[in-house]
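Visitor: Contents of my_file-v2.json (JSON, C-alpha atoms) are below:
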```json
[["chain", "number", "residue", "atom", "x", "y", "z"],
["A", 1, "MET", "CA", -115.00, 109.12, -39.65],
["A", 2, "LEU", "CA", -112.23, 107.98, -37.32],
["A", 3, "ARG", "CA", -111.68, 104.38, -36.31],
["A", 4, "SER", "CA", -109.25, 102.92, -33.81],
["A", 5, "GLU", "CA", -107.54, 99.65, -33.03],
["A", 6, "ILE", "CA", -105.35, 98.25, -30.29],
["A", 7, "ILE", "CA", -102.01, 96.88, -31.47],
["A", 8, "ASP", "CA", -100.80, 94.17, -29.09],
["A", 9, "ASP", "CA", -98.43, 92.35, -31.46],
["A", 10, "PRO", "CA", -94.85, 93.71, -31.62],
["A", 11, "ALA", "CA", -94.56, 92.61, -35.27],
["A", 12, "ALA", "CA", -97.64, 94.68, -36.14],
["A", 13, "LEU", "CA", -96.13, 97.67, -34.33],
["A", 14, "GLU", "CA", -92.95, 97.38, -36.40],
["A", 15, "ALA", "CA", -94.96, 96.94, -39.60],
["A", 16, "LEU", "CA", -96.68, 100.26, -38.84],
["A", 17, "ALA", "CA", -93.38, 102.15, -39.17],
["A", 18, "PRO", "CA", -93.90, 103.69, -42.66],
["A", 19, "ARG", "CA", -97.30, 105.19, -41.69],
["A", 20, "TRP", "CA", -95.91, 106.07, -38.26],
["A", 21, "TRP", "CA", -93.10, 108.10, -39.84],
["A", 22, "GLU", "CA", -95.63, 110.00, -41.97],
["A", 23, "LEU", "CA", -97.74, 110.87, -38.93],
["A", 24, "TRP", "CA", -94.67, 111.80, -36.87],
["A", 25, "ALA", "CA", -93.49, 114.16, -39.61],
["A", 26, "HIS", "CA", -96.82, 116.01, -39.53],
["A", 27, "SER", "CA", -97.49, 116.03, -35.78],
["A", 28, "ARG", "CA", -96.95, 119.49, -34.28],
["A", 29, "THR", "CA", -95.74, 118.17, -30.93],
["A", 30, "ALA", "CA", -93.48, 115.34, -32.13],
["A", 31, "THR", "CA", -89.92, 115.01, -30.83],
["A", 32, "PRO", "CA", -87.31, 112.36, -31.70],
["A", 33, "PHE", "CA", -88.55, 110.40, -28.67],
["A", 34, "GLN", "CA", -91.88, 109.65, -30.41],
["A", 35, "CYS", "CA", -90.50, 108.32, -33.68],
["A", 36, "PRO", "CA", -90.32, 104.59, -34.56],
["A", 37, "ALA", "CA", -86.51, 104.69, -34.70],
["A", 38, "TRP", "CA", -86.58, 105.32, -30.95],
["A", 39, "LEU", "CA", -89.66, 103.48, -29.70],
["A", 40, "VAL", "CA", -89.47, 100.26, -31.75],
["A", 41, "PRO", "CA", -85.96, 99.43, -30.43],
["A", 42, "TRP", "CA", -87.14, 100.36, -26.94],
["A", 43, "TRP", "CA", -89.91, 97.79, -27.11],
["A", 44, "ARG", "CA", -87.68, 95.17, -28.71],
["A", 45, "THR", "CA", -85.14, 95.57, -25.91],
["A", 46, "PHE", "CA", -87.26, 96.03, -22.79],
["A", 47, "ALA", "CA", -90.88, 94.89, -23.43],
["A", 48, "PRO", "CA", -91.75, 95.32, -19.72],
["A", 49, "GLY", "CA", -95.42, 94.40, -20.04],
["A", 50, "GLU", "CA", -98.22, 93.78, -22.53],
["A", 51, "LEU", "CA", -98.17, 95.95, -25.63],
["A", 52, "ALA", "CA", -101.39, 98.00, -25.90],
["A", 53, "THR", "CA", -100.75, 100.66, -28.53],
["A", 54, "ILE", "CA", -103.73, 102.62, -29.83],
["A", 55, "ALA", "CA", -103.77, 103.52, -33.53],
["A", 56, "VAL", "CA", -106.35, 105.94, -34.95],
["A", 57, "TRP", "CA", -107.21, 105.88, -38.64],
["A", 58, "ARG", "CA", -109.07, 108.15, -41.06],
["A", 59, "GLY", "CA", -109.64, 105.95, -44.06],
["A", 60, "ASP", "CA", -106.23, 104.49, -44.89],
["A", 61, "ASP", "CA", -104.34, 107.31, -43.17],
["A", 62, "LEU", "CA", -102.84, 106.93, -39.69],
["A", 63, "VAL", "CA", -103.90, 110.12, -37.88],
["A", 64, "GLY", "CA", -103.21, 109.21, -34.26],
["A", 65, "LEU", "CA", -100.85, 106.93, -32.37],
["A", 66, "ALA", "CA", -100.57, 106.32, -28.63],
["A", 67, "PRO", "CA", -97.79, 103.79, -27.98],
["A", 68, "PHE", "CA", -98.84, 102.28, -24.63],
["A", 69, "TYR", "CA", -98.32, 99.09, -22.70],
["A", 70, "LEU", "CA", -99.81, 97.49, -19.60],
["A", 71, "GLU", "CA", -97.62, 96.98, -16.55],
["A", 72, "HIS", "CA", -99.01, 94.62, -13.92],
["A", 73, "THR", "CA", -98.36, 95.70, -10.32],
["A", 74, "PRO", "CA", -99.67, 94.49, -6.93],
["A", 75, "SER", "CA", -101.98, 97.54, -6.82],
["A", 76, "GLY", "CA", -103.39, 96.81, -10.26],
["A", 77, "PRO", "CA", -102.46, 97.19, -13.94],
["A", 78, "ARG", "CA", -101.13, 100.54, -15.10],
["A", 79, "LEU", "CA", -101.28, 101.92, -18.65],
["A", 80, "LEU", "CA", -97.91, 103.50, -19.42],
["A", 81, "PRO", "CA", -96.18, 104.99, -22.47],
["A", 82, "VAL", "CA", -93.69, 102.95, -24.47],
["A", 83, "GLY", "CA", -90.30, 104.60, -24.04],
["A", 84, "ILE", "CA", -90.75, 105.54, -20.39],
["A", 85, "SER", "CA", -87.60, 106.21, -18.36],
["A", 86, "LEU", "CA", -85.09, 106.62, -21.23],
["A", 87, "SER", "CA", -87.24, 109.16, -23.11],
["A", 88, "ASP", "CA", -87.03, 112.75, -21.92],
["A", 89, "TYR", "CA", -90.32, 113.69, -23.60],
["A", 90, "LEU", "CA", -93.40, 111.49, -24.02],
["A", 91, "ASP", "CA", -96.63, 112.22, -25.86],
["A", 92, "VAL", "CA", -99.23, 110.84, -28.25],
["A", 93, "LEU", "CA", -99.09, 111.71, -31.95],
["A", 94, "CYS", "CA", -102.03, 113.49, -33.60],
["A", 95, "PHE", "CA", -102.51, 114.77, -37.12],
["A", 96, "PRO", "CA", -102.73, 118.59, -37.11],
["A", 97, "GLY", "CA", -106.16, 120.19, -37.17],
["A", 98, "ILE", "CA", -107.95, 117.19, -35.68],
["A", 99, "GLU", "CA", -106.03, 116.81, -32.41],
["A", 100, "ALA", "CA", -109.12, 117.08, -30.19],
["A", 101, "ALA", "CA", -111.03, 114.45, -32.18],
["A", 102, "VAL", "CA", -108.05, 112.08, -32.19],
["A", 103, "ALA", "CA", -107.46, 112.57, -28.45],
["A", 104, "ALA", "CA", -111.13, 111.74, -27.80],
["A", 105, "VAL", "CA", -110.85, 108.51, -29.81],
["A", 106, "ILE", "CA", -107.65, 107.57, -27.96],
["A", 107, "ALA", "CA", -109.39, 108.13, -24.62],
["A", 108, "ASP", "CA", -112.42, 106.08, -25.67],
["A", 109, "ARG", "CA", -110.28, 103.18, -26.86],
["A", 110, "ALA", "CA", -108.05, 103.34, -23.76],
["A", 111, "LEU", "CA", -111.13, 102.76, -21.62],
["A", 112, "ALA", "CA", -111.57, 99.38, -23.34],
["A", 113, "ILE", "CA", -108.24, 98.28, -21.82],
["A", 114, "ASN", "CA", -108.19, 96.85, -18.30],
["A", 115, "TRP", "CA", -106.14, 99.28, -16.19],
["A", 116, "SER", "CA", -106.51, 100.88, -12.77],
["A", 117, "GLN", "CA", -104.24, 103.87, -13.52],
["A", 118, "TRP", "CA", -103.31, 105.56, -16.78],
["A", 119, "ILE", "CA", -100.11, 107.55, -16.40],
["A", 120, "LEU", "CA", -98.48, 109.96, -18.85],
["A", 121, "PRO", "CA", -95.26, 111.47, -17.45],
["A", 122, "ASP", "CA", -92.78, 113.77, -19.20],
["A", 123, "LEU", "CA", -95.40, 115.68, -21.20],
["A", 124, "PRO", "CA", -93.85, 118.88, -22.59],
["A", 125, "ALA", "CA", -95.72, 122.17, -22.76],
["A", 126, "GLY", "CA", -98.35, 121.99, -25.49],
["A", 127, "ALA", "CA", -98.33, 118.18, -25.57],
["A", 128, "ALA", "CA", -101.25, 116.55, -27.34],
["A", 129, "GLY", "CA", -101.63, 114.22, -24.35],
["A", 130, "LEU", "CA", -102.64, 117.17, -22.18],
["A", 131, "THR", "CA", -105.84, 117.55, -24.23],
["A", 132, "ILE", "CA", -107.14, 114.04, -23.44],
["A", 133, "THR", "CA", -110.50, 114.15, -21.64],
["A", 134, "HIS", "CA", -113.47, 111.79, -21.33],
["A", 135, "PRO", "CA", -116.55, 111.65, -19.07],
["A", 136, "ALA", "CA", -115.44, 108.23, -17.84],
["A", 137, "LEU", "CA", -111.97, 109.48, -16.88],
["A", 138, "GLU", "CA", -111.12, 111.08, -13.56],
["A", 139, "ALA", "CA", -108.03, 113.25, -14.06],
["A", 140, "GLY", "CA", -105.74, 113.90, -11.14],
["A", 141, "GLU", "CA", -104.10, 117.24, -10.60],
["A", 142, "LEU", "CA", -101.37, 118.07, -13.11],
["A", 143, "VAL", "CA", -97.97, 118.12, -11.42],
["A", 144, "ASP", "CA", -94.55, 119.25, -12.57],
["A", 145, "HIS", "CA", -92.53, 116.17, -13.43],
["A", 146, "ALA", "CA", -89.00, 117.09, -14.56],
["A", 147, "ALA", "CA", -86.98, 120.19, -15.35],
["A", 148, "CYS", "CA", -85.39, 120.38, -18.81],
["A", 149, "PRO", "CA", -82.97, 123.34, -18.98],
["A", 150, "VAL", "CA", -83.19, 124.99, -22.42],
["A", 151, "LEU", "CA", -80.93, 127.63, -23.98],
["A", 152, "PRO", "CA", -82.51, 129.95, -26.59],
["A", 153, "ILE", "CA", -80.08, 130.34, -29.50],
["A", 154, "ALA", "CA", -80.05, 132.44, -32.65],
["A", 155, "GLY", "CA", -77.70, 133.80, -35.27],
["A", 156, "ASP", "CA", -74.49, 132.58, -36.80],
["A", 157, "ASP", "CA", -72.49, 133.36, -33.66],
["A", 158, "ALA", "CA", -74.76, 131.83, -31.02],
["A", 159, "LEU", "CA", -71.96, 131.48, -28.48],
["A", 160, "ALA", "CA", -71.17, 135.20, -28.54],
["A", 161, "VAL", "CA", -74.82, 136.26, -28.47],
["A", 162, "CYS", "CA", -76.52, 133.67, -26.26],
["A", 163, "VAL", "CA", -73.96, 132.14, -23.89],
["A", 164, "PRO", "CA", -72.90, 134.05, -20.73],
["A", 165, "ALA", "CA", -69.51, 135.76, -20.87],
["A", 166, "ARG", "CA", -68.15, 133.69, -17.98],
["A", 167, "ARG", "CA", -68.84, 130.43, -19.83],
["A", 168, "ARG", "CA", -67.27, 131.82, -23.01],
["A", 169, "ARG", "CA", -64.09, 132.66, -21.07],
["A", 170, "GLN", "CA", -64.02, 129.15, -19.60],
["A", 171, "LEU", "CA", -64.47, 127.71, -23.08],
["A", 172, "ARG", "CA", -61.56, 129.76, -24.47],
["A", 173, "ARG", "CA", -59.36, 128.54, -21.60],
["A", 174, "ALA", "CA", -60.39, 124.93, -22.35],
["A", 175, "HIS", "CA", -59.44, 125.33, -26.01],
["A", 176, "ARG", "CA", -56.06, 126.82, -25.09],
["A", 177, "ALA", "CA", -55.37, 124.02, -22.61],
["A", 178, "ALA", "CA", -56.32, 121.38, -25.18],
["A", 179, "CYS", "CA", -54.09, 122.99, -27.83],
["A", 180, "ARG", "CA", -51.16, 123.01, -25.41],
["A", 181, "ARG", "CA", -51.66, 119.26, -24.94],
["A", 182, "GLY", "CA", -51.66, 118.50, -28.66],
["A", 183, "CYS", "CA", -53.47, 118.88, -31.97],
["A", 184, "VAL", "CA", -57.23, 119.27, -31.35],
["A", 185, "SER", "CA", -59.79, 117.98, -33.85],
["A", 186, "LEU", "CA", -63.60, 117.91, -33.77],
["A", 187, "THR", "CA", -65.23, 115.48, -36.18],
["A", 188, "PRO", "CA", -68.85, 114.52, -36.93],
["A", 189, "ALA", "CA", -69.46, 110.82, -36.34],
["A", 190, "GLN", "CA", -73.11, 110.10, -37.18],
["A", 191, "ASP", "CA", -72.10, 108.43, -40.45],
["A", 192, "SER", "CA", -70.31, 105.70, -38.46],
["A", 193, "PRO", "CA", -72.77, 104.96, -35.62],
["A", 194, "LYS", "CA", -71.12, 101.72, -34.48],
["A", 195, "ALA", "CA", -67.64, 103.21, -34.22],
["A", 196, "PHE", "CA", -69.02, 106.32, -32.54],
["A", 197, "PHE", "CA", -70.95, 104.28, -29.99],
["A", 198, "ASP", "CA", -67.90, 102.22, -29.13],
["A", 199, "HIS", "CA", -66.12, 105.48, -28.24],
["A", 200, "LEU", "CA", -69.16, 106.71, -26.31],
["A", 201, "ILE", "CA", -69.38, 103.50, -24.26],
["A", 202, "ARG", "CA", -65.71, 103.75, -23.32],
["A", 203, "LEU", "CA", -65.78, 107.45, -22.49],
["A", 204, "HIS", "CA", -69.12, 107.45, -20.70],
["A", 205, "GLY", "CA", -67.96, 104.52, -18.60],
["A", 206, "ALA", "CA", -64.70, 106.30, -17.78],
["A", 207, "ARG", "CA", -66.55, 109.47, -16.85],
["A", 208, "TRP", "CA", -68.90, 107.68, -14.44],
["A", 209, "ALA", "CA", -66.57, 105.00, -13.06],
["A", 210, "GLY", "CA", -67.09, 104.91, -9.31],
["A", 211, "HIS", "CA", -70.00, 107.37, -9.54],
["A", 212, "GLY", "CA", -72.89, 105.06, -10.41],
["A", 213, "ASP", "CA", -71.27, 103.86, -13.65],
["A", 214, "GLY", "CA", -73.73, 105.77, -15.89],
["A", 215, "VAL", "CA", -76.80, 104.72, -17.85],
["A", 216, "LEU", "CA", -74.83, 102.75, -20.43],
["A", 217, "ALA", "CA", -73.50, 100.33, -17.81],
["A", 218, "ASP", "CA", -76.78, 98.41, -18.21],
["A", 219, "PRO", "CA", -76.30, 95.94, -21.12],
["A", 220, "ALA", "CA", -79.96, 96.35, -22.12],
["A", 221, "ALA", "CA", -79.61, 100.14, -22.31],
["A", 222, "GLU", "CA", -76.46, 99.73, -24.40],
["A", 223, "GLU", "CA", -78.23, 97.36, -26.80],
["A", 224, "PHE", "CA", -81.20, 99.72, -27.10],
["A", 225, "HIS", "CA", -79.01, 102.71, -27.94],
["A", 226, "ARG", "CA", -76.98, 100.75, -30.49],
["A", 227, "GLN", "CA", -80.19, 99.88, -32.34],
["A", 228, "ALA", "CA", -81.78, 103.31, -32.00],
["A", 229, "LEU", "CA", -78.68, 105.28, -32.95],
["A", 230, "ALA", "CA", -78.30, 103.47, -36.27],
["A", 231, "LEU", "CA", -81.96, 103.99, -37.14],
["A", 232, "LEU", "CA", -81.98, 107.64, -36.07],
["A", 233, "ALA", "CA", -78.79, 108.29, -38.04],
["A", 234, "ALA", "CA", -80.40, 106.83, -41.16],
["A", 235, "GLN", "CA", -83.16, 109.43, -40.78],
["A", 236, "GLY", "CA", -80.72, 112.31, -40.27],
["A", 237, "LEU", "CA", -81.91, 112.96, -36.70],
["A", 238, "VAL", "CA", -78.70, 112.42, -34.71],
["A", 239, "ARG", "CA", -75.76, 114.72, -34.18],
["A", 240, "CYS", "CA", -72.66, 112.89, -32.97],
["A", 241, "TRP", "CA", -69.30, 114.55, -32.37],
["A", 242, "LEU", "CA", -65.92, 113.30, -31.25],
["A", 243, "VAL", "CA", -63.08, 115.46, -29.95],
["A", 244, "ALA", "CA", -59.52, 114.15, -30.23],
["A", 245, "ILE", "CA", -56.20, 115.47, -28.94],
["A", 246, "ASP", "CA", -53.46, 114.12, -31.17],
["A", 247, "ASP", "CA", -54.47, 110.50, -31.75],
["A", 248, "ALA", "CA", -56.55, 110.08, -28.57],
["A", 249, "VAL", "CA", -60.34, 110.40, -28.76],
["A", 250, "VAL", "CA", -61.07, 112.10, -25.44],
["A", 251, "GLY", "CA", -64.74, 113.13, -25.66],
["A", 252, "ALA", "CA", -68.01, 112.10, -27.30],
["A", 253, "TYR", "CA", -71.32, 113.97, -27.74],
["A", 254, "TYR", "CA", -74.62, 112.24, -28.63],
["A", 255, "GLY", "CA", -77.55, 114.46, -29.48],
["A", 256, "PHE", "CA", -80.47, 115.01, -31.83],
["A", 257, "HIS", "CA", -81.71, 117.75, -34.15],
["A", 258, "HIS", "CA", -85.35, 118.03, -35.21],
["A", 259, "ARG", "CA", -87.10, 121.03, -36.70],
["A", 260, "HIS", "CA", -85.76, 124.08, -34.86],
["A", 261, "ARG", "CA", -84.54, 122.33, -31.74],
["A", 262, "ALA", "CA", -81.31, 120.58, -30.76],
["A", 263, "TYR", "CA", -81.25, 118.01, -27.96],
["A", 264, "ALA", "CA", -78.12, 117.15, -25.93],
["A", 265, "TYR", "CA", -78.80, 113.56, -24.88],
["A", 266, "LEU", "CA", -75.59, 111.93, -23.64],
["A", 267, "GLY", "CA", -71.85, 112.39, -23.52],
["A", 268, "GLY", "CA", -68.62, 111.14, -22.07],
["A", 269, "PHE", "CA", -65.01, 112.16, -21.69],
["A", 270, "ASP", "CA", -61.68, 110.77, -20.56],
["A", 271, "PRO", "CA", -61.01, 111.91, -16.95],
["A", 272, "ALA", "CA", -57.30, 111.99, -17.76],
["A", 273, "TYR", "CA", -58.09, 115.06, -19.87],
["A", 274, "ALA", "CA", -60.37, 116.78, -17.35],
["A", 275, "GLU", "CA", -58.16, 119.90, -17.29],
["A", 276, "GLU", "CA", -58.82, 120.34, -21.02],
["A", 277, "SER", "CA", -62.62, 120.14, -20.50],
["A", 278, "PRO", "CA", -63.46, 118.05, -23.58],
["A", 279, "GLY", "CA", -67.13, 117.93, -22.53],
["A", 280, "ALA", "CA", -67.39, 121.73, -22.57],
["A", 281, "ILE", "CA", -65.56, 121.93, -25.91],
["A", 282, "LEU", "CA", -68.09, 119.49, -27.40],
["A", 283, "ILE", "CA", -71.13, 121.32, -26.02],
["A", 284, "GLY", "CA", -69.85, 124.67, -27.27],
["A", 285, "HIS", "CA", -69.32, 123.13, -30.70],
["A", 286, "ALA", "CA", -72.75, 121.47, -30.66],
["A", 287, "ILE", "CA", -74.44, 124.78, -29.80],
["A", 288, "SER", "CA", -72.62, 126.57, -32.64],
["A", 289, "GLU", "CA", -73.49, 123.83, -35.13],
["A", 290, "ALA", "CA", -77.13, 123.72, -33.99],
["A", 291, "ALA", "CA", -77.47, 127.48, -34.55],
["A", 292, "ARG", "CA", -75.81, 127.16, -37.96],
["A", 293, "GLU", "CA", -78.44, 124.54, -38.87],
["A", 294, "GLY", "CA", -81.26, 126.88, -37.84],
["A", 295, "ALA", "CA", -82.06, 125.64, -34.34],
["A", 296, "ARG", "CA", -83.69, 128.22, -32.10],
["A", 297, "GLU", "CA", -83.33, 126.22, -28.88],
["A", 298, "PHE", "CA", -80.65, 123.98, -27.42],
["A", 299, "ASP", "CA", -82.32, 121.55, -25.03],
["A", 300, "PHE", "CA", -80.12, 120.02, -22.32],
["A", 301, "LEU", "CA", -82.98, 117.63, -21.45],
["A", 302, "ARG", "CA", -83.89, 116.26, -18.02],
["A", 303, "GLY", "CA", -81.83, 117.05, -14.98],
["A", 304, "GLN", "CA", -80.78, 120.16, -13.09],
["A", 305, "GLU", "CA", -77.03, 119.64, -13.30],
["A", 306, "THR", "CA", -75.19, 122.86, -12.50],
["A", 307, "TYR", "CA", -73.17, 122.95, -15.72],
["A", 308, "LYS", "CA", -76.34, 123.41, -17.82],
["A", 309, "TYR", "CA", -77.16, 126.72, -16.17],
["A", 310, "GLY", "CA", -73.60, 127.90, -16.74],
["A", 311, "TRP", "CA", -74.42, 127.89, -20.46],
["A", 312, "GLY", "CA", -77.42, 130.14, -19.78],
["A", 313, "ALA", "CA", -80.15, 127.49, -19.93],
["A", 314, "VAL", "CA", -83.47, 128.10, -18.17],
["A", 315, "ASP", "CA", -85.80, 125.41, -16.82],
["A", 316, "GLN", "CA", -88.77, 124.27, -18.85],
["A", 317, "TRP", "CA", -90.89, 121.76, -16.94],
["A", 318, "THR", "CA", -92.63, 118.64, -18.14],
["A", 319, "THR", "CA", -95.95, 117.57, -16.67],
["A", 320, "ARG", "CA", -97.24, 114.29, -15.26],
["A", 321, "LYS", "CA", -100.89, 113.45, -15.85],
["A", 322, "VAL", "CA", -102.70, 110.54, -14.19],
["A", 323, "TRP", "CA", -106.21, 109.26, -14.86],
["A", 324, "THR", "CA", -108.39, 106.80, -13.00],
["A", 325, "ARG", "CA", -111.81, 105.56, -14.00],
["A", 326, "SER", "CA", -114.61, 107.87, -12.94],
["A", 327, "MET", "CA", -116.76, 106.39, -10.16],
["A", 328, "ALA", "CA", -119.76, 108.17, -11.67],
["A", 329, "GLN", "CA", -119.63, 106.05, -14.81]]
```
Let me see whether you can do it: turn the structure in this file into structure tokens.
Guide:
Amino acid sequence: MLRSEIIDDPAALEALAPRWWELWAHSRTATPFQCPAWLVPWWRTFAPGELATIAVWRGDDLVGLAPFYLEHTPSGPRLLPVGISLSDYLDVLCFPGIEAAVAAVIADRALAINWSQWILPDLPAGAAGLTITHPALEAGELVDHAACPVLPIAGDDALAVCVPARRRRQLRRAHRAACRRGCVSLTPAQDSPKAFFDHLIRLHGARWAGHGDGVLADPAAEEFHRQALALLAAQGLVRCWLVAIDDAVVGAYYGFHHRHRAYAYLGGFDPAYAEESPGAILIGHAISEAAREGAREFDFLRGQETYKYGWGAVDQWTTRKVWTRSMAQ
């Protein structure tokens, strides 16, 4: 006895947050990128089209949620996921044990929306969105979308067991160089999200100055992250670290931790301290702390930057799925 509705009012989407959190906590495929602390600020900040979120109910319980919106293009309207672009993983949320039934209801309700293409990018392996089928939907071929290098970690000494020896030697050299420069301190910063983000803005901008300026150069992206970081921190989902040499904060790390997985989302460092490799010091510390908290994987997220593979990470690919309306229907 499932029923569905389309939520097109941003206020109604925000009001759904308590039920949304309950569903997110139960969903087997949920990541921090599907929670309301991430997606509600995204919509508040960007709102690039018409909200068209599909909610699925069983009695008074929210058992499915597909946060979508309509983007109007010259070739026709496209149904896209809320959070696209800044979210490394995208998916729908389904209550465990009834995923197929919920996916079928989502598909049926999506067909009531006027779109010419329905696109779900950045679907991780096992995503609930991959199970969506309907006789009136014509599914294109699944294609690899983005590589997310992931490092398996385990044990109290994850660096010694899981990270290649060459990277461990480089990390020891970085620590020695930093100690020669001054007193080195690593401090958690998620309890002060505003102060942490001010450091991150400065250091990320310094790191990318003259090289595209980085994602936080966009004022809208900065505003989104300021909102999301505070909300995620309140839920205990963020892991923020600062590294200082003497009184100078020279590096910042912004990541997440959920279930048995750590996510390295963003960072920055002062180029004046490049010889001391504050970015590497922070990642090494984040890996050790993630293992101590019980994480089994350290996810470097999208992008095939060379440094990720130096830590021993191996590509895991997301998938892009596209539907059109079946001509037979």
Visitor: To one decimal place in Å, what is the distance between CA of Ala11 (chain A) and CA of Leu65 (chain A)?
Guide: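 Computed distance, CA of Ala11 (chain A) to CA of Leu65 (chain A), equals 15.9 Å.
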Visitor: Work out how far apart CA of Leu151 (chain A) and CA of Gly255 (chain A) are and give it in Å to one decimal.
Guide: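 Rounded to one decimal, the two atoms are 14.7 Å apart.
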Visitor: Would you list the contacts of region 283-289 of chain A as a PyMOL selection string, taking every protein, DNA or RNA residue within 10 Å and counting all atoms listed in the file, but skipping same-chain residues closer than 3 positions in sequence?
Guide: chain A and resi 151+153-160+162-163+167-168+171+186+239-241+243+252-255+262-264+267+278-280+292-295+297-300+308+311
Visitor: Using all atoms listed in the file, determine which residues lie at most 8 Å from Ile7 (chain A), disregarding the query and same-chain residues fewer than 6 positions distant; provide the list as an MDAnalysis selection string.
Guide: chainID A and resid 13 51:55
Visitor: Considering only C-alpha atoms, state which residue in the set A:Cys148, A:Leu2, A:Ala30, A:Ala165 is at the smallest distance from Val105 (chain A).
Guide: A:Leu2
Visitor: As a list of chain:residue names, please: the residues near Lys321 (chain A) (cut-off 12 Å, all atoms listed in the file, same-chain neighbours under 4 positions excluded).
Guide: A:Leu79, A:Leu80, A:Pro81, A:Leu90, A:Asp91, A:Gln117, A:Trp118, A:Ile119, A:Leu120, A:Pro121, A:Asp122, A:Leu123, A:Pro124, A:Ala127, A:Ala128, A:Gly129, A:Leu130, A:Thr131, A:Ile132, A:Thr133, A:Leu137, A:Glu138, A:Ala139, A:Gly140, A:Glu141, A:Leu142, A:Val143, A:Asp144, A:His145
Visitor: Start from the incomplete input, build N, CA, C and O atoms for region 158-169 of chain A, and deliver everything as a compact mmCIF listing (two decimals), keeping the file's coordinate frame.
Guide:
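Generated file (part.txt):
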```txt
# COMPACT_ATOMS: atom_id res chain seq x y z
N ALA A 158 -73.89 132.05 -32.18
CA ALA A 158 -74.76 131.83 -31.02
C ALA A 158 -73.98 131.90 -29.72
O ALA A 158 -74.51 132.35 -28.70
N LEU A 159 -72.74 131.45 -29.72
CA LEU A 159 -71.96 131.48 -28.48
C LEU A 159 -71.77 132.91 -28.01
O LEU A 159 -71.94 133.22 -26.82
N ALA A 160 -71.42 133.80 -28.92
CA ALA A 160 -71.17 135.20 -28.54
C ALA A 160 -72.44 135.91 -28.11
O ALA A 160 -72.42 136.76 -27.22
N VAL A 161 -73.57 135.54 -28.72
CA VAL A 161 -74.82 136.26 -28.47
C VAL A 161 -75.60 135.67 -27.30
O VAL A 161 -76.22 136.40 -26.52
N CYS A 162 -75.58 134.34 -27.16
CA CYS A 162 -76.52 133.67 -26.26
C CYS A 162 -75.89 133.07 -24.99
O CYS A 162 -76.61 132.84 -24.01
N VAL A 163 -74.61 132.79 -25.02
CA VAL A 163 -73.96 132.14 -23.89
C VAL A 163 -73.33 133.19 -22.98
O VAL A 163 -72.70 134.13 -23.47
N PRO A 164 -73.49 133.06 -21.65
CA PRO A 164 -72.90 134.05 -20.73
C PRO A 164 -71.40 134.22 -20.92
O PRO A 164 -70.68 133.26 -21.27
N ALA A 165 -70.93 135.44 -20.66
CA ALA A 165 -69.51 135.76 -20.87
C ALA A 165 -68.60 134.85 -20.05
O ALA A 165 -67.52 134.44 -20.52
N ARG A 166 -69.00 134.53 -18.83
CA ARG A 166 -68.15 133.69 -17.98
C ARG A 166 -67.94 132.32 -18.62
O ARG A 166 -66.81 131.80 -18.62
N ARG A 167 -68.98 131.73 -19.18
CA ARG A 167 -68.84 130.43 -19.83
C ARG A 167 -67.97 130.56 -21.09
O ARG A 167 -67.17 129.67 -21.39
N ARG A 168 -68.10 131.65 -21.82
CA ARG A 168 -67.27 131.82 -23.01
C ARG A 168 -65.79 131.91 -22.64
O ARG A 168 -64.94 131.36 -23.34
N ARG A 169 -65.49 132.59 -21.52
CA ARG A 169 -64.09 132.66 -21.07
C ARG A 169 -63.58 131.27 -20.69
O ARG A 169 -62.44 130.90 -21.02
```
